[in-house]
file data.txt (compact mmCIF, C-alpha atoms)
# COMPACT_ATOMS: atom_id res chain seq x y z
CA MET A 1061 36.58 46.06 66.03
CA GLY A 1062 33.90 43.76 67.45
CA THR A 1063 34.15 40.81 69.80
CA GLU A 1064 34.06 38.15 67.07
CA SER A 1065 36.55 39.79 64.68
CA PHE A 1066 38.99 40.38 67.53
CA GLY A 1067 38.74 36.82 68.83
CA LEU A 1068 37.75 37.38 72.47
CA LYS A 1069 37.02 33.68 73.07
CA ARG A 1070 40.45 32.70 71.77
CA PHE A 1071 42.04 35.36 73.97
CA VAL A 1072 40.10 34.13 77.01
CA PHE A 1073 41.32 30.56 76.35
CA SER A 1074 44.96 31.63 76.40
CA ARG A 1075 44.30 33.83 79.41
CA PHE A 1076 42.81 30.79 81.16
CA THR A 1077 45.80 28.58 80.30
CA GLY A 1078 48.37 31.16 81.40
CA ALA A 1079 46.47 32.11 84.56
CA LEU A 1080 46.15 28.43 85.51
CA CYS A 1081 49.93 28.06 85.31
CA ASP A 1082 50.38 31.24 87.35
CA GLN A 1083 48.04 29.93 90.05
CA PHE A 1084 49.60 26.55 90.61
CA LEU A 1085 53.08 28.08 90.51
CA MET A 1086 52.00 30.71 93.06
CA PHE A 1087 50.76 27.87 95.26
CA ALA A 1088 53.59 25.37 94.75
CA VAL A 1089 56.72 27.55 94.76
CA PRO A 1090 56.23 29.42 98.10
CA LEU A 1091 55.19 26.15 99.70
CA ALA A 1092 58.31 24.43 98.33
CA ILE A 1093 60.50 27.24 99.70
CA LEU A 1094 58.80 27.15 103.12
CA LYS A 1095 59.17 23.35 103.32
CA THR A 1096 62.80 23.48 102.17
CA THR A 1097 63.96 26.30 104.47
CA GLY A 1098 61.39 26.00 107.27
CA SER A 1099 61.54 29.78 107.63
CA LEU A 1100 58.78 32.39 107.23
CA THR A 1101 61.56 34.96 106.78
CA PHE A 1102 62.87 33.19 103.68
CA SER A 1103 59.34 32.64 102.40
CA SER A 1104 58.46 36.33 102.75
CA LEU A 1105 61.82 37.32 101.27
CA ALA A 1106 61.04 35.21 98.19
CA PHE A 1107 57.69 37.03 98.00
CA VAL A 1108 59.46 40.40 98.00
CA ILE A 1109 61.95 39.22 95.38
CA GLU A 1110 59.03 38.15 93.21
CA TRP A 1111 57.08 41.39 93.54
CA LEU A 1112 59.77 44.06 93.31
CA PRO A 1113 60.54 43.44 89.60
CA ARG A 1114 56.80 43.38 88.97
CA ILE A 1115 56.46 46.84 90.47
CA LEU A 1116 59.52 48.31 88.77
CA PHE A 1117 58.52 46.99 85.34
CA PHE A 1118 55.09 48.64 85.30
CA PRO A 1119 56.21 51.96 83.72
CA LEU A 1120 58.16 50.19 80.96
CA SER A 1121 55.30 47.76 80.29
CA GLY A 1122 52.94 50.68 79.81
CA PHE A 1123 55.32 52.18 77.25
CA LEU A 1124 55.51 48.85 75.36
CA ALA A 1125 51.75 48.28 75.47
CA ASP A 1126 51.18 51.56 73.64
CA ARG A 1127 53.70 50.73 70.89
CA LEU A 1128 53.74 46.98 70.24
CA LYS A 1129 51.03 44.91 68.58
CA PRO A 1130 49.12 43.02 71.31
CA ARG A 1131 49.45 39.67 69.53
CA PHE A 1132 53.23 40.13 69.47
CA ILE A 1133 53.32 40.90 73.20
CA PHE A 1134 51.12 38.01 74.30
CA PHE A 1135 52.88 35.41 72.15
CA ASN A 1136 56.37 36.40 73.25
CA VAL A 1137 55.42 36.63 76.92
CA ASP A 1138 54.11 33.06 77.06
CA ALA A 1139 56.87 31.68 74.84
CA ALA A 1140 59.45 33.24 77.19
CA ARG A 1141 57.66 31.77 80.20
CA ALA A 1142 57.80 28.30 78.64
CA VAL A 1143 61.56 28.67 78.10
CA LEU A 1144 61.99 29.92 81.67
CA MET A 1145 60.27 26.80 83.03
CA GLY A 1146 62.69 24.59 81.11
CA THR A 1147 65.67 26.58 82.36
CA ALA A 1148 64.51 26.31 85.98
CA ILE A 1149 64.11 22.52 85.66
CA LEU A 1150 67.66 22.26 84.32
CA MET A 1151 69.09 24.44 87.12
CA LEU A 1152 67.30 22.46 89.83
CA PHE A 1153 68.62 19.23 88.33
CA LEU A 1154 72.20 20.51 88.22
CA TYR A 1155 72.11 22.39 91.55
CA PRO A 1156 69.43 20.80 93.80
CA GLN A 1157 70.86 22.53 96.88
CA ALA A 1158 70.17 25.96 95.31
CA SER A 1159 66.38 25.61 95.25
CA PHE A 1160 65.74 28.94 97.02
CA PRO A 1161 67.74 31.22 94.67
CA VAL A 1162 66.59 29.31 91.57
CA LEU A 1163 62.89 29.40 92.46
CA ALA A 1164 63.02 32.98 93.75
CA ALA A 1165 64.74 34.19 90.56
CA MET A 1166 62.28 32.23 88.42
CA MET A 1167 59.28 33.81 90.15
CA ALA A 1168 60.85 37.28 89.80
CA LEU A 1169 61.15 36.82 86.03
CA LEU A 1170 57.64 35.38 85.83
CA SER A 1171 56.33 38.45 87.63
CA VAL A 1172 57.79 40.69 84.90
CA ALA A 1173 55.96 38.61 82.27
CA TRP A 1174 52.76 38.87 84.31
CA VAL A 1175 53.00 42.67 84.41
CA LEU A 1176 53.40 43.01 80.65
CA ASN A 1177 50.47 40.64 80.09
CA PHE A 1178 48.30 42.51 82.60
CA VAL A 1179 49.01 46.01 81.26
CA ALA A 1180 48.71 44.91 77.61
CA THR A 1181 45.31 43.36 78.35
CA ASP A 1182 43.90 46.47 80.02
CA ALA A 1183 45.29 48.65 77.22
CA MET A 1184 44.06 46.38 74.42
CA LEU A 1185 40.44 45.69 75.34
CA PRO A 1186 39.08 49.26 75.10
CA ARG A 1187 40.78 49.58 71.68
CA HIS A 1188 39.18 46.41 70.29
CA LEU A 1189 35.76 46.29 71.98
CA ALA A 1190 32.79 48.65 72.09
CA LYS A 1191 32.26 50.59 75.31
CA ASP A 1192 29.14 48.63 76.27
CA GLU A 1193 31.04 45.34 75.85
CA LEU A 1194 33.82 46.27 78.27
CA PRO A 1195 32.17 45.50 81.65
CA LYS A 1196 31.14 42.05 80.45
CA ALA A 1197 34.62 41.37 79.00
CA HIS A 1198 36.28 42.41 82.26
CA ALA A 1199 33.85 40.18 84.17
CA MET A 1200 34.77 37.24 81.89
CA LEU A 1201 38.48 37.74 82.56
CA GLN A 1202 37.85 38.09 86.28
CA GLY A 1203 35.86 34.85 86.11
CA VAL A 1204 38.79 33.13 84.42
CA ASP A 1205 41.09 34.34 87.19
CA GLN A 1206 38.70 33.06 89.86
CA ILE A 1207 38.23 29.64 88.23
CA THR A 1208 41.98 29.15 87.89
CA MET A 1209 42.31 29.97 91.58
CA VAL A 1210 40.17 26.88 92.22
CA LEU A 1211 41.94 24.57 89.80
CA GLY A 1212 45.50 25.82 90.38
CA PRO A 1213 46.10 24.54 93.94
CA ALA A 1214 44.25 21.29 93.21
CA ILE A 1215 46.39 20.61 90.15
CA ALA A 1216 49.57 21.56 92.01
CA VAL A 1217 48.79 19.14 94.86
CA ALA A 1218 48.00 16.34 92.39
CA ILE A 1219 51.18 16.88 90.38
CA SER A 1220 53.55 17.46 93.30
CA SER A 1221 52.38 14.29 95.06
CA SER A 1222 53.79 12.24 92.21
CA GLY A 1223 56.58 14.34 90.71
CA GLY A 1224 57.48 17.27 92.97
CA ILE A 1225 58.30 20.80 91.89
CA ASN A 1226 60.13 19.71 88.71
CA CYS A 1227 57.01 17.97 87.44
CA ILE A 1228 54.96 21.12 88.12
CA LEU A 1229 57.44 23.21 86.14
CA ALA A 1230 57.32 20.74 83.24
CA VAL A 1231 53.51 20.90 83.05
CA ALA A 1232 53.68 24.70 83.17
CA ALA A 1233 56.17 24.72 80.28
CA VAL A 1234 53.79 22.71 78.09
CA MET A 1235 50.77 24.86 78.97
CA PHE A 1236 52.61 28.13 78.36
CA SER A 1237 53.67 26.78 74.96
CA VAL A 1238 50.05 25.94 74.07
CA SER A 1239 48.92 29.40 75.16
CA ALA A 1240 51.65 31.08 73.09
CA GLY A 1241 50.66 29.15 69.96
CA ASN A 1242 47.02 30.09 70.39
CA TYR A 1243 47.85 33.79 70.61
CA LEU A 1244 49.24 33.68 67.06
CA PHE A 1245 45.67 33.49 65.73
CA LEU A 1246 44.44 36.67 67.44
CA LYS A 1247 43.37 39.51 65.16
CA THR A 1248 44.72 42.69 66.68
CA HIS A 1249 45.72 45.96 65.08
CA ASP A 1250 48.86 47.99 65.63
CA PRO A 1251 48.76 50.83 68.18
CA LYS A 1252 49.14 54.38 66.92
CA GLU A 1253 52.30 55.20 68.88
CA THR A 1254 55.46 54.66 66.80
CA GLU A 1255 58.30 56.12 68.91
CA LYS A 1256 61.33 53.87 69.37
CA LEU A 1257 62.32 52.46 72.74
CA THR A 1258 64.91 54.78 74.31
CA PHE A 1259 65.46 56.04 77.83
CA ARG A 1260 64.28 59.49 76.74
CA THR A 1261 61.04 58.23 75.19
CA ILE A 1262 60.29 56.10 78.25
CA ILE A 1263 60.67 59.14 80.51
CA GLN A 1264 58.52 61.25 78.18
CA SER A 1265 55.87 58.54 78.01
CA ASN A 1266 55.58 58.31 81.78
CA LEU A 1267 55.57 62.09 82.17
CA MET A 1268 52.67 62.20 79.71
CA ALA A 1269 50.93 59.48 81.71
CA LEU A 1270 51.42 61.53 84.87
CA ASN A 1271 49.83 64.56 83.16
CA VAL A 1272 46.88 62.41 82.07
CA LEU A 1273 46.40 61.24 85.63
CA LYS A 1274 46.60 64.83 86.89
CA GLU A 1275 43.64 65.62 84.64
CA HIS A 1276 41.74 62.73 86.24
CA LYS A 1277 42.64 63.15 89.90
CA ILE A 1278 39.90 60.77 90.97
CA VAL A 1279 42.12 57.95 89.68
CA PHE A 1280 44.84 58.96 92.17
CA HIS A 1281 42.30 58.63 94.96
CA ILE A 1282 41.14 55.18 93.90
CA CYS A 1283 44.78 54.10 93.53
CA ALA A 1284 45.45 55.11 97.12
CA LEU A 1285 42.47 53.06 98.34
CA THR A 1286 43.67 50.11 96.27
CA TRP A 1287 47.11 50.48 97.86
CA VAL A 1288 45.52 50.01 101.28
CA VAL A 1289 43.52 46.96 100.16
CA ASN A 1290 46.62 45.37 98.62
CA LEU A 1291 48.50 45.82 101.89
CA VAL A 1292 46.10 43.40 103.60
CA TYR A 1293 45.91 41.18 100.52
CA GLY A 1294 49.70 40.89 100.32
CA ALA A 1295 50.02 40.07 104.02
CA ALA A 1296 47.46 37.27 103.63
CA LEU A 1297 49.38 35.80 100.69
CA VAL A 1298 52.68 35.86 102.57
CA VAL A 1299 51.67 34.47 105.96
CA SER A 1300 48.89 31.98 105.14
CA ALA A 1301 51.17 28.98 104.57
CA ALA A 1302 52.94 29.67 107.86
CA VAL A 1303 49.62 30.19 109.69
CA VAL A 1304 48.30 26.83 108.51
CA MET A 1305 51.47 24.77 108.92
CA GLN A 1306 53.20 26.44 111.87
CA GLU A 1307 50.56 28.22 113.96
CA PHE A 1308 47.70 25.72 113.46
CA ASN A 1309 50.12 22.75 113.14
CA LEU A 1310 48.30 21.26 110.16
CA PRO A 1311 49.69 19.32 107.16
CA ASP A 1312 50.41 21.25 103.96
CA ARG A 1313 47.30 19.79 102.27
CA TYR A 1314 45.24 22.11 104.46
CA PHE A 1315 46.97 25.03 102.79
CA GLY A 1316 45.76 23.59 99.48
CA ILE A 1317 42.25 23.32 100.92
CA LEU A 1318 42.49 26.95 102.03
CA GLN A 1319 43.42 28.15 98.54
CA THR A 1320 40.88 25.96 96.76
CA THR A 1321 38.01 26.87 99.10
CA ALA A 1322 38.76 30.57 98.72
CA ALA A 1323 38.71 30.21 94.96
CA VAL A 1324 35.44 28.22 94.99
CA VAL A 1325 33.79 30.96 97.05
CA ALA A 1326 35.14 33.56 94.62
CA VAL A 1327 33.76 31.66 91.61
CA ILE A 1328 30.33 31.27 93.22
CA MET A 1329 30.22 34.97 94.03
CA PHE A 1330 31.38 35.81 90.52
CA PHE A 1331 28.07 34.56 89.09
CA PHE A 1332 26.19 37.05 91.25
CA ILE A 1333 28.43 40.05 90.55
CA PRO A 1334 26.85 41.09 87.20
CA ARG A 1335 23.33 40.86 88.67
CA PHE A 1336 24.33 42.79 91.77
CA ALA A 1337 26.03 45.52 89.74
CA ALA A 1338 23.13 45.72 87.27
CA ARG A 1339 20.66 46.22 90.10
CA PHE A 1340 22.66 48.37 92.54
CA GLY A 1341 25.43 49.81 90.32
CA LEU A 1342 29.19 49.43 90.14
CA LEU A 1343 29.66 51.96 92.92
CA SER A 1344 27.76 49.72 95.35
CA LEU A 1345 29.81 46.75 94.17
CA GLY A 1346 33.06 48.59 94.86
CA THR A 1347 31.92 49.92 98.25
CA VAL A 1348 30.64 46.58 99.54
CA SER A 1349 33.79 44.83 98.32
CA PHE A 1350 36.11 47.37 99.95
CA PHE A 1351 34.57 47.08 103.40
CA ALA A 1352 34.09 43.33 103.10
CA MET A 1353 37.84 42.92 102.57
CA ILE A 1354 38.57 44.94 105.70
CA PHE A 1355 36.10 42.80 107.65
CA ALA A 1356 37.68 39.64 106.25
CA GLY A 1357 41.07 40.80 107.52
CA ILE A 1358 39.58 41.26 111.01
CA VAL A 1359 38.19 37.71 110.96
CA MET A 1360 41.57 36.32 109.88
CA SER A 1361 43.60 38.16 112.50
CA LEU A 1362 41.26 37.09 115.33
CA SER A 1363 41.07 33.44 114.29
CA SER A 1364 42.04 30.91 116.95
CA ASN A 1365 41.73 27.88 114.67
CA TYR A 1366 41.60 26.86 111.03
CA LEU A 1367 37.88 27.24 110.20
CA PRO A 1368 37.41 30.97 110.97
CA TYR A 1369 40.71 31.70 109.22
CA LEU A 1370 39.41 29.78 106.20
CA LEU A 1371 36.24 31.89 106.26
CA GLY A 1372 38.11 35.20 106.47
CA TYR A 1373 40.65 34.25 103.81
CA SER A 1374 37.89 33.11 101.43
CA MET A 1375 36.02 36.39 101.90
CA LEU A 1376 39.17 38.41 101.28
CA MET A 1377 39.99 36.67 97.99
CA ALA A 1378 36.39 36.69 96.73
CA PHE A 1379 35.74 40.37 97.37
CA ASP A 1380 39.16 41.31 96.00
CA GLY A 1381 37.96 39.94 92.66
CA ALA A 1382 34.75 41.94 92.87
CA PHE A 1383 36.65 45.12 93.72
CA SER A 1384 38.88 44.55 90.68
CA ILE A 1385 35.86 44.67 88.34
CA TYR A 1386 34.88 48.06 89.77
CA LEU A 1387 38.45 49.35 89.39
CA ARG A 1388 39.04 48.05 85.87
CA THR A 1389 35.75 49.41 84.56
CA LEU A 1390 36.37 52.79 86.17
CA ARG A 1391 39.82 53.08 84.62
CA SER A 1392 38.76 52.01 81.13
CA GLN A 1393 35.87 54.50 81.14
CA VAL A 1394 37.66 57.49 82.65
CA LEU A 1395 41.08 57.40 80.99
CA PRO A 1396 41.69 58.24 77.29
CA LYS A 1397 42.09 55.10 75.15
CA GLU A 1398 45.19 56.36 73.37
CA HIS A 1399 47.03 56.67 76.70
CA LEU A 1400 45.73 53.56 78.47
CA GLY A 1401 49.00 51.63 78.24
CA LYS A 1402 51.25 54.30 79.71
CA THR A 1403 48.72 55.33 82.37
CA MET A 1404 48.14 51.69 83.36
CA GLY A 1405 51.88 51.40 83.87
CA LEU A 1406 51.87 54.18 86.46
CA ILE A 1407 48.60 53.01 87.99
CA GLY A 1408 49.98 49.50 88.40
CA LEU A 1409 53.11 50.92 89.99
CA MET A 1410 51.03 52.84 92.52
CA ASN A 1411 48.50 50.08 93.17
CA MET A 1412 50.86 47.15 93.57
CA CYS A 1413 53.78 48.63 95.48
CA SER A 1414 52.01 47.94 98.79
CA VAL A 1415 52.17 44.17 98.12
CA PRO A 1416 55.99 43.90 98.48
CA VAL A 1417 55.73 46.40 101.34
CA SER A 1418 53.56 43.86 103.14
CA GLY A 1419 56.17 41.19 102.40
CA ILE A 1420 58.92 43.38 103.85
CA LEU A 1421 56.80 44.04 106.95
CA VAL A 1422 56.20 40.32 107.43
CA SER A 1423 59.93 39.61 107.05
CA MET A 1424 60.77 42.31 109.62
CA LEU A 1425 58.10 41.21 112.10
CA SER A 1426 58.42 37.43 111.72
CA GLY A 1427 61.12 37.19 114.41
CA ARG A 1428 59.03 39.09 116.96
CA LEU A 1429 55.38 38.24 116.28
CA GLN A 1430 53.37 35.17 115.42
CA PRO A 1431 51.90 35.02 111.87
CA LEU A 1432 48.37 35.93 113.01
CA GLN A 1433 49.69 38.83 115.06
CA ILE A 1434 51.45 40.11 111.94
CA VAL A 1435 48.16 40.04 110.02
CA GLY A 1436 46.49 41.99 112.84
CA PHE A 1437 49.26 44.60 112.95
CA ILE A 1438 49.08 45.20 109.18
CA LEU A 1439 45.27 45.24 109.28
CA VAL A 1440 45.17 48.01 111.92
CA ALA A 1441 47.56 50.12 109.86
CA ALA A 1442 45.48 49.54 106.72
CA MET A 1443 42.20 50.43 108.45
CA ALA A 1444 43.64 53.70 109.76
CA LEU A 1445 45.01 54.66 106.35
CA GLY A 1446 41.79 53.64 104.60
CA PHE A 1447 39.60 55.76 106.88
CA ILE A 1448 41.85 58.80 106.41
CA LEU A 1449 41.82 58.40 102.61
CA ILE A 1450 38.04 58.06 102.48
CA MET A 1451 37.53 61.22 104.54
CA LEU A 1452 40.05 63.16 102.44
CA GLY A 1453 38.47 61.94 99.20
CA ARG A 1454 34.95 62.91 100.24
CA ARG A 1455 36.18 66.34 101.32
CA PHE A 1456 38.37 67.02 98.26
CA PHE A 1457 36.12 65.65 95.50
CA GLY A 1458 32.82 66.53 97.13
CA TYR A 1459 30.95 63.27 96.69
CA SER A 1460 28.73 61.85 99.43
CA SER A 1461 29.35 58.16 98.76
CA TRP A 1462 32.19 56.17 100.32
CA LEU A 1463 33.96 55.56 97.00
CA PRO A 1464 34.06 57.67 93.80
CA PRO A 1465 30.67 57.36 92.00
CA LEU A 1466 30.58 56.08 88.43
CA GLU A 1467 27.43 55.68 86.36
CA ILE A 1468 28.04 52.54 84.31
CA LYS A 1469 25.57 49.71 83.85
CA MET A 1470 26.70 46.11 83.83
CA GLN A 1471 25.34 43.74 81.20
CA THR A 1472 23.97 40.45 82.50
call {"tool": "encode", "arguments": {"input": "data.txt", "output": "structure tokens"}}
result
Amino acid sequence: MGTESFGLKRFVFSRFTGALCDQFLMFAVPLAILKTTGSLTFSSLAFVIEWLPRILFFPLSGFLADRLKPRFIFFNVDAARAVLMGTAILMLFLYPQASFPVLAAMMALLSVAWVLNFVATDAMLPRHLAKDELPKAHAMLQGVDQITMVLGPAIAVAISSSGGINCILAVAAVMFSVSAGNYLFLKTHDPKETEKLTFRTIIQSNLMALNVLKEHKIVFHICALTWVVNLVYGAALVVSAAVVMQEFNLPDRYFGILQTTAAVVAVIMFFFIPRFAARFGLLSLGTVSFFAMIFAGIVMSLSSNYLPYLLGYSMLMAFDGAFSIYLRTLRSQVLPKEHLGKTMGLIGLMNMCSVPVSGILVSMLSGRLQPLQIVGFILVAAMALGFILIMLGRRFFGYSSWLPPLEIKMQT
């Protein structure tokens, strides 16, 4: 099935709409919790509550992505998110004093929807697009994610200044509804798997995925490296609001500037990624991105004021997007198409579990260390683990490069 018959542009539009909602909710909700409670511990706890369901749902989402029609998945995910927004608005109206549990529970449920959308996307594209179209399609989706990172905080600040968190939730409900309606016009075909959803079939599906990954051990190695990167990434997401508002003593609009600037840098770099990868290869893109993220973490942890922290945070977010293109292309080329859903479930479980771990670490350390000291502590641990993994990978797999080599050309 080609790009036009599948409806890639229509899919990208809905992906843009949904991702935009995700971004301004990710900006507005933690900030609302931090302002309401005044506690980094509560803010990091909400982060853990959001991410744990996301991690635990990965294996089940992989099972569903291999058995349900993609159009059915995408429509129901965004329709459910629209309903969830309306429910949260009602609960906040009836119980305004319960903002922390309501918002934390809402973000936890949204994270489950995000996982299913993410896994279904990575499982669907290789089944509906030609192999030479995949790098460009992944770059388009990464571009959408980066652009929404720019617009999300800006929209959240504009809406919250006039209507608060309830107004933000109402706008998200409308946008999720529009996205869900658009998905109805996608032209996707049914997956080949037909087994019914039972506990036994879920276990069998994930055991099969584990066997597939055992046949492609290089994926385990890249997952371990991603785990290390996400440890730093998660810490930055958790502590940044507290760094800006508590350690630098700046108004919350500077947190919006931080997020927006990081996204602008990521979008600008996105336009150079295909050219860089076409000239130097995806391996070079992945290697440069990996070490740039470690360097960005060093800059953040050593920052004594807002501007260097802004620089380090922007670098971290921009190169995280570039590293994702390397990872997604590697996975879609190496793993068998018929098992992409179930294997992506396990891969997501392995990749993302370090993000709530970083939230737990921040919550444990917040009473003893300042936010920037927490970033530095987590960064040192990540650098040590990363170096050990690189040395083990080079020794075990026998390649001379820093990351696993992959000969794939990017289209410009």
call {"tool": "closest_residue", "arguments": {"input": "data.txt", "among": "A:Ile1207, A:Val1327, A:Met1166, A:Ala1088", "to": "Glu1110 in chain A", "atoms": "all atoms listed in the file"}}
result
A:Met1166
call {"tool": "atom_distance", "arguments": {"input": "data.txt", "atom1": "CA of Leu1297 in chain A", "atom2": "CA of Val1422 in chain A"}}
result
10.6 Å
call {"tool": "closest_residue", "arguments": {"input": "data.txt", "among": "A:Met1268, A:Val1325, A:Ile1225, A:Ala1442", "to": "Lys1095 in chain A", "atoms": "all atoms listed in the file"}}
result
A:Ile1225
call {"tool": "axis_aligned_box", "arguments": {"input": "data.txt", "around": "range 1217-1236 of chain A", "padding_each_side": "3 Å", "output": "AutoDock Vina command-line options"}}
result
--center_x 54.1 --center_y 20.2 --center_z 86.6 --size_x 18.1 --size_y 21.9 --size_z 23.0
call {"tool": "atom_distance", "arguments": {"input": "data.txt", "atom1": "CA of Ile1407 in chain A", "atom2": "CA of Phe1117 in chain A"}}
result
11.9 Å
call {"tool": "residues_near_point", "arguments": {"input": "data.txt", "point": "(39.4, 39.6, 108.1)", "cutoff": "9 Å", "atoms": "all atoms listed in the file", "output": "JSON, numbers by chain"}}
result
{"A": [1292, 1352, 1353, 1354, 1355, 1356, 1357, 1358, 1359, 1360, 1361, 1362, 1363, 1369, 1371, 1372, 1373, 1375, 1376, 1435, 1436, 1439]}
call {"tool": "closest_residue", "arguments": {"input": "data.txt", "among": "A:Val1137, A:Ile1438, A:Val1279, A:Ala1199", "to": "Ser1384 in chain A", "atoms": "only C-alpha atoms"}}
result
A:Ala1199
call {"tool": "closest_residue", "arguments": {"input": "data.txt", "among": "A:Thr1286, A:Ser1104, A:Ser1374, A:Ser1461", "to": "Ser1414 in chain A", "atoms": "only C-alpha atoms"}}
result
A:Thr1286
call {"tool": "residues_near_point", "arguments": {"input": "data.txt", "point": "(60.2, 28.0, 97.6)", "cutoff": "10 Å", "atoms": "only C-alpha atoms", "output": "list in words"}}
result
Met1086, Phe1087, Ala1088, Val1089, Pro1090, Leu1091, Ala1092, Ile1093, Leu1094, Lys1095, Thr1096, Thr1097, Gly1098, Phe1102, Ser1103, Ser1104, Ala1106, Phe1107, Ser1159, Phe1160, Pro1161, Val1162, Leu1163, Ala1164, Met1167 and Ile1225 of chain A
call {"tool": "residues_around", "arguments": {"input": "data.txt", "residues": "Ser1418 in chain A", "least_positions_apart": "2", "cutoff": "12 Å", "atoms": "only C-alpha atoms", "output": "ChimeraX atom specification"}}
result
/A:1104-1105,1107-1108,1111-1112,1287-1299,1412-1416,1420-1426,1434-1435,1437-1439,1441-1442
call {"tool": "atom_distance", "arguments": {"input": "data.txt", "atom1": "CA of Lys1196 in chain A", "atom2": "CA of Ser1349 in chain A"}}
result
18.3 Å
call {"tool": "closest_residue", "arguments": {"input": "data.txt", "among": "A:Leu1128, A:Met1209, A:Ala1216, A:Leu1201", "to": "Asp1312 in chain A", "atoms": "all atoms listed in the file"}}
result
A:Ala1216
call {"tool": "residues_around", "arguments": {"input": "data.txt", "residues": "Ile1262 in chain A", "least_positions_apart": "4", "cutoff": "12 Å", "atoms": "all atoms listed in the file", "output": "MDAnalysis selection string"}}
result
chainID A and resid 1117:1127 1255:1258 1266:1269 1402 1405:1406
call {"tool": "write_last_selection", "arguments": {"input": "data.txt", "atoms": "C-alpha atoms", "output": "PDB file, keeping the file's coordinate frame"}}
result
ATOM      1  CA  PHE A1117      58.520  46.990  85.340  1.00  0.00           C
ATOM      2  CA  PHE A1118      55.090  48.640  85.300  1.00  0.00           C
ATOM      3  CA  PRO A1119      56.210  51.960  83.720  1.00  0.00           C
ATOM      4  CA  LEU A1120      58.160  50.190  80.960  1.00  0.00           C
ATOM      5  CA  SER A1121      55.300  47.760  80.290  1.00  0.00           C
ATOM      6  CA  GLY A1122      52.940  50.680  79.810  1.00  0.00           C
ATOM      7  CA  PHE A1123      55.320  52.180  77.250  1.00  0.00           C
ATOM      8  CA  LEU A1124      55.510  48.850  75.360  1.00  0.00           C
ATOM      9  CA  ALA A1125      51.750  48.280  75.470  1.00  0.00           C
ATOM     10  CA  ASP A1126      51.180  51.560  73.640  1.00  0.00           C
ATOM     11  CA  ARG A1127      53.700  50.730  70.890  1.00  0.00           C
ATOM     12  CA  GLU A1255      58.300  56.120  68.910  1.00  0.00           C
ATOM     13  CA  LYS A1256      61.330  53.870  69.370  1.00  0.00           C
ATOM     14  CA  LEU A1257      62.320  52.460  72.740  1.00  0.00           C
ATOM     15  CA  THR A1258      64.910  54.780  74.310  1.00  0.00           C
ATOM     16  CA  ASN A1266      55.580  58.310  81.780  1.00  0.00           C
ATOM     17  CA  LEU A1267      55.570  62.090  82.170  1.00  0.00           C
ATOM     18  CA  MET A1268      52.670  62.200  79.710  1.00  0.00           C
ATOM     19  CA  ALA A1269      50.930  59.480  81.710  1.00  0.00           C
ATOM     20  CA  LYS A1402      51.250  54.300  79.710  1.00  0.00           C
ATOM     21  CA  GLY A1405      51.880  51.400  83.870  1.00  0.00           C
ATOM     22  CA  LEU A1406      51.870  54.180  86.460  1.00  0.00           C
TER      23      LEU A1406
END
call {"tool": "residues_around", "arguments": {"input": "data.txt", "residues": "Ile1215 in chain A", "least_positions_apart": "6", "cutoff": "12 Å", "atoms": "only C-alpha atoms", "output": "list in words"}}
result
Leu1080, Cys1081, Asp1082, Gln1083, Phe1084, Leu1085, Met1086, Phe1087, Ala1088, Thr1208, Met1209, Ser1221, Ser1222, Gly1223, Gly1224, Cys1227, Ile1228, Val1231, Ala1232, Gly1316, Ile1317, Gln1319 and Thr1320 of chain A
call {"tool": "closest_residue", "arguments": {"input": "data.txt", "among": "A:Met1200, A:Leu1116, A:Met1184, A:Val1143", "to": "Arg1131 in chain A", "atoms": "all atoms listed in the file"}}
result
A:Met1184
call {"tool": "residues_around", "arguments": {"input": "data.txt", "residues": "Ala1233 in chain A", "least_positions_apart": "2", "cutoff": "10 Å", "atoms": "all atoms listed in the file", "output": "PyMOL selection string"}}
result
chain A and resi 1081+1138-1147+1149+1227-1231+1235-1238
